[in-house]
There are 2 protein chains.
Amino acid sequence: MIQNHNAIQIKAKLFRGFSDPSRLNIIEVLREGKKSVGELVEATELSQPNVSNHLRCLADCDLVKSERDGRYIYYQLSDARIDQILSLSEKLLSEAARGVFECTRYEMNAEAVQE
Amino acid sequence: MIQNHNAIQIKAKLFRGFSDPSRLNIIEVLREGKKSVGELVEATELSQPNVSNHLRCLADCDLVKSERDGRYIYYQLSDARIDQILSLSEKLLSEAARGVFECTRYEMNAEAVQE
DNA sequence: ATATTATATCATTAAGTAATTATATAATTA
DNA sequence: TAATTATATAATTACTTAATGATATAATAT
């Protein structure tokens, strides 16, 4: 049975959280555990405002939650299933990675992959 | 950094396949089983060129595979884990749907949601 | 061979969105 | 209080990409 329009909109929105390389990079770092914004900036090598912008997006979508400790604000993934979804995706990519990489519809300016 | 740059690029690209509502709609219909392009057009109410464009994107990424039968071309999901990823996402959304729905980043609506 | 049906491709348009720069807010320390 | 550190916000710019409309290819039927 086909899903209703809203269900698809919402699900697409969830995946959009994962679909940007910078945002996904942040999420991958958060899979290690709770991190401050500064730690995320250092780990991802993104600019601080850029990290904050993406974090707000992720927080709005309830993919991450935050708590302040002094002047630091710590972020963490809000749900264990996020980790599961990413693990499953890795398994899928372990076989399909070449096809995904060669997809030409998006130009993500990726560096060359050695095979 | 836990993962290398390429791994993140490729994973982001995979999720981009799911992140557009039209494309996700097509994928959801394909979860029911093999469908011709015409059946997908009818089920999704998207235009035929639009469906074909998205199918090419999905095929390039190896998310779907196709086979011709006469003048019809049938598409199906290429890997059972795609269905698993979508099922897991549904479970996640069963609790987080409100937050995702209320995410304002993509509507360019500047209203902070702090806790 | 011509017409019809099914699908793909391509150029263009229009909308979306990531990154940057500058600035603001908040907590802490001197 | 003023300075410093950590993070957030906002406006702008540059880039990305979905949808459309026109056309092309492919298979089949007449």
# chains A, B, ... in the order shown; residues from 1 in each chain; ligands from 1
call {"tool": "interface_residues", "arguments": {"of": "chain D", "to": "chain B", "cutoff": "9 Å", "atoms": "only C-alpha atoms (C1' of nucleotides)", "output": "ChimeraX atom specification"}}
result
/D:10,18-20,26-28
call {"tool": "write_last_selection", "arguments": {"atoms": "N, CA and C atoms (P, O5', C5', C4', C3', O3' and C1' of nucleotides)", "output": "JSON list (two decimals), in the first residue's frame"}}
result
[["chain", "number", "residue", "atom", "x", "y", "z"],
["D", 10, "DA", "P", 18.00, 35.02, 13.35],
["D", 10, "DA", "O5'", 18.68, 35.94, 12.25],
["D", 10, "DA", "C5'", 19.52, 37.00, 12.65],
["D", 10, "DA", "C4'", 20.14, 37.65, 11.43],
["D", 10, "DA", "C3'", 19.31, 37.48, 10.15],
["D", 10, "DA", "O3'", 19.34, 38.70, 9.46],
["D", 10, "DA", "C1'", 21.48, 36.64, 9.81],
["D", 18, "DA", "P", 17.44, 16.79, -7.32],
["D", 18, "DA", "O5'", 15.88, 17.04, -7.40],
["D", 18, "DA", "C5'", 15.29, 18.00, -6.55],
["D", 18, "DA", "C4'", 14.15, 18.69, -7.27],
["D", 18, "DA", "C3'", 13.28, 17.76, -8.09],
["D", 18, "DA", "O3'", 11.93, 18.14, -7.90],
["D", 18, "DA", "C1'", 14.14, 19.47, -9.49],
["D", 19, "DA", "P", 10.75, 17.28, -8.53],
["D", 19, "DA", "O5'", 10.31, 18.19, -9.75],
["D", 19, "DA", "C5'", 9.89, 19.53, -9.51],
["D", 19, "DA", "C4'", 9.58, 20.20, -10.82],
["D", 19, "DA", "C3'", 8.72, 19.37, -11.77],
["D", 19, "DA", "O3'", 7.60, 20.16, -12.14],
["D", 19, "DA", "C1'", 10.68, 20.16, -12.89],
["D", 20, "DT", "P", 6.51, 19.54, -13.15],
["D", 20, "DT", "O5'", 6.82, 20.34, -14.51],
["D", 20, "DT", "C5'", 7.19, 21.70, -14.46],
["D", 20, "DT", "C4'", 7.67, 22.14, -15.83],
["D", 20, "DT", "C3'", 6.88, 21.58, -17.00],
["D", 20, "DT", "O3'", 6.39, 22.66, -17.78],
["D", 20, "DT", "C1'", 9.21, 21.30, -17.35],
["D", 26, "DA", "P", 17.89, 3.34, -30.05],
["D", 26, "DA", "O5'", 16.73, 2.39, -29.53],
["D", 26, "DA", "C5'", 16.27, 2.49, -28.20],
["D", 26, "DA", "C4'", 14.99, 1.70, -28.07],
["D", 26, "DA", "C3'", 14.88, 0.52, -29.03],
["D", 26, "DA", "O3'", 14.51, -0.61, -28.26],
["D", 26, "DA", "C1'", 12.94, 1.84, -29.15],
["D", 27, "DA", "P", 14.63, -2.10, -28.89],
["D", 27, "DA", "O5'", 13.09, -2.53, -28.93],
["D", 27, "DA", "C5'", 12.38, -2.61, -27.70],
["D", 27, "DA", "C4'", 10.91, -2.68, -28.00],
["D", 27, "DA", "C3'", 10.50, -3.83, -28.92],
["D", 27, "DA", "O3'", 9.53, -4.62, -28.24],
["D", 27, "DA", "C1'", 9.54, -1.78, -29.65],
["D", 28, "DT", "P", 9.01, -5.98, -28.84],
["D", 28, "DT", "O5'", 7.63, -5.55, -29.49],
["D", 28, "DT", "C5'", 6.68, -4.87, -28.68],
["D", 28, "DT", "C4'", 5.56, -4.37, -29.55],
["D", 28, "DT", "C3'", 4.95, -5.39, -30.49],
["D", 28, "DT", "O3'", 3.57, -5.49, -30.20],
["D", 28, "DT", "C1'", 5.33, -3.33, -31.60]]
call {"tool": "closest_atom_pairs", "arguments": {"of": "chain C", "to": "range 27-45 of chain B", "cutoff": "12 Å", "atoms": "only C-alpha atoms (C1' of nucleotides)", "output": "Markdown table"}}
result
| residue | atom | partner | partner_atom | distance |
| --- | --- | --- | --- | --- |
| C:DT5 | C1' | B:Gly38 | CA | 10.8 |
| C:DA6 | C1' | B:Gly38 | CA | 7.6 |
| C:DT7 | C1' | B:Val37 | CA | 7.3 |
| C:DA8 | C1' | B:Val37 | CA | 10.9 |
call {"tool": "residues_around", "arguments": {"residues": "DA24 in chain C", "least_positions_apart": "6", "cutoff": "12 Å", "atoms": "only C-alpha atoms (C1' of nucleotides)", "output": "tab-separated table (two decimals) with C-alpha atoms (C1' of nucleotides), in the first residue's frame"}}
result
chain	number	residue	atom	x	y	z
D	7	DT	C1'	28.31	29.30	20.20
D	8	DA	C1'	24.32	31.21	17.46
D	9	DT	C1'	22.16	34.08	14.05
D	10	DA	C1'	21.48	36.64	9.81
call {"tool": "select_by_dssp", "arguments": {"residues": "range 1-113 of chain A", "states": "strand (DSSP E)", "output": "tab-separated table (two decimals) with C-alpha atoms, in the first residue's frame"}}
result
chain	number	residue	atom	x	y	z
A	35	LYS	CA	30.88	16.49	21.40
A	36	SER	CA	31.06	20.23	21.89
A	64	VAL	CA	20.60	15.59	17.62
A	65	LYS	CA	20.01	17.01	21.07
A	66	SER	CA	22.13	19.43	23.03
A	67	GLU	CA	22.91	20.41	26.59
A	68	ARG	CA	24.88	23.30	27.88
A	69	ASP	CA	27.75	22.86	30.32
A	72	TYR	CA	30.27	24.66	26.12
A	73	ILE	CA	27.28	23.15	24.42
A	74	TYR	CA	27.45	19.43	23.89
A	75	TYR	CA	25.62	17.69	21.11
A	76	GLN	CA	24.76	14.03	20.73
A	77	LEU	CA	22.66	11.86	18.48
call {"tool": "atom_distance", "arguments": {"atom1": "CA of Asp60 in chain A", "atom2": "CA of Ala7 in chain B"}}
result
25.7 Å
call {"tool": "atom_distance", "arguments": {"atom1": "CA of Asp62 in chain B", "atom2": "CA of Ile85 in chain B"}}
result
15.1 Å
call {"tool": "residues_around", "arguments": {"residues": "DT30 in chain D", "least_positions_apart": "3", "cutoff": "10 Å", "atoms": "only C-alpha atoms (C1' of nucleotides)", "output": "PyMOL selection string"}}
result
chain C and resi 2-4
call {"tool": "atom_distance", "arguments": {"atom1": "CA of Leu92 in chain A", "atom2": "CA of Gln9 in chain B"}}
result
14.7 Å
call {"tool": "interface_residues", "arguments": {"of": "chain C", "to": "chain A", "cutoff": "8 Å", "atoms": "only C-alpha atoms (C1' of nucleotides)", "output": "CSV table (one decimal) with N, CA and C atoms (P, O5', C5', C4', C3', O3' and C1' of nucleotides), in the first residue's frame"}}
result
chain,number,residue,atom,x,y,z
C,19,DA,P,28.6,23.2,3.2
C,19,DA,O5',29.2,24.7,3.0
C,19,DA,C5',29.7,25.1,1.7
C,19,DA,C4',30.2,26.5,1.8
C,19,DA,C3',31.0,26.9,3.0
C,19,DA,O3',32.2,27.5,2.6
C,19,DA,C1',29.2,28.4,2.8
C,26,DA,P,21.1,35.8,25.3
C,26,DA,O5',22.2,34.9,25.9
C,26,DA,C5',22.5,33.6,25.3
C,26,DA,C4',23.8,33.1,26.0
C,26,DA,C3',23.8,33.3,27.5
C,26,DA,O3',24.0,32.1,28.1
C,26,DA,C1',25.8,33.9,26.5
C,27,DA,P,23.9,31.9,29.7
C,27,DA,O5',25.4,31.6,30.2
C,27,DA,C5',26.0,30.4,29.6
C,27,DA,C4',27.5,30.5,29.9
C,27,DA,C3',27.8,30.7,31.4
C,27,DA,O3',28.7,29.7,31.7
C,27,DA,C1',29.0,32.3,30.0
C,28,DT,P,29.2,29.5,33.2
C,28,DT,O5',30.7,30.2,33.2
C,28,DT,C5',31.6,29.7,32.2
C,28,DT,C4',32.8,30.7,32.2
C,28,DT,C3',33.5,30.9,33.6
C,28,DT,O3',34.8,30.4,33.5
C,28,DT,C1',33.2,32.9,32.4
call {"tool": "decode", "arguments": {"residues": "chain D", "atoms": "C-alpha atoms (C1' of nucleotides)", "output": "short mmCIF file (atom, residue, chain, number, x, y, z; two decimals), in the first residue's frame"}}
result
data_model
loop_
_atom_site.label_atom_id
_atom_site.label_comp_id
_atom_site.auth_asym_id
_atom_site.auth_seq_id
_atom_site.Cartn_x
_atom_site.Cartn_y
_atom_site.Cartn_z
"C1'" DT D 1 32.66 45.97 34.51
"C1'" DA D 2 35.42 44.77 30.65
"C1'" DA D 3 37.68 41.21 28.21
"C1'" DT D 4 37.64 36.61 26.61
"C1'" DT D 5 35.81 32.34 25.01
"C1'" DA D 6 32.11 29.49 23.01
"C1'" DT D 7 28.31 29.30 20.20
"C1'" DA D 8 24.32 31.21 17.46
"C1'" DT D 9 22.16 34.08 14.05
"C1'" DA D 10 21.48 36.64 9.81
"C1'" DA D 11 22.31 38.44 5.20
"C1'" DT D 12 24.52 37.61 1.13
"C1'" DT D 13 26.58 34.97 -2.52
"C1'" DA D 14 27.43 31.12 -5.25
"C1'" DC D 15 26.27 26.81 -6.36
"C1'" DT D 16 23.05 22.86 -6.86
"C1'" DT D 17 19.19 20.55 -8.59
"C1'" DA D 18 14.14 19.47 -9.49
"C1'" DA D 19 10.68 20.16 -12.89
"C1'" DT D 20 9.21 21.30 -17.35
"C1'" DG D 21 8.74 21.14 -22.37
"C1'" DA D 22 10.45 19.59 -26.53
"C1'" DT D 23 12.40 15.97 -28.83
"C1'" DA D 24 14.66 11.42 -29.54
"C1'" DT D 25 14.90 6.41 -29.35
"C1'" DA D 26 12.94 1.84 -29.15
"C1'" DA D 27 9.54 -1.78 -29.65
"C1'" DT D 28 5.33 -3.33 -31.60
"C1'" DA D 29 1.24 -3.34 -34.35
"C1'" DT D 30 -1.31 -2.22 -38.58
#
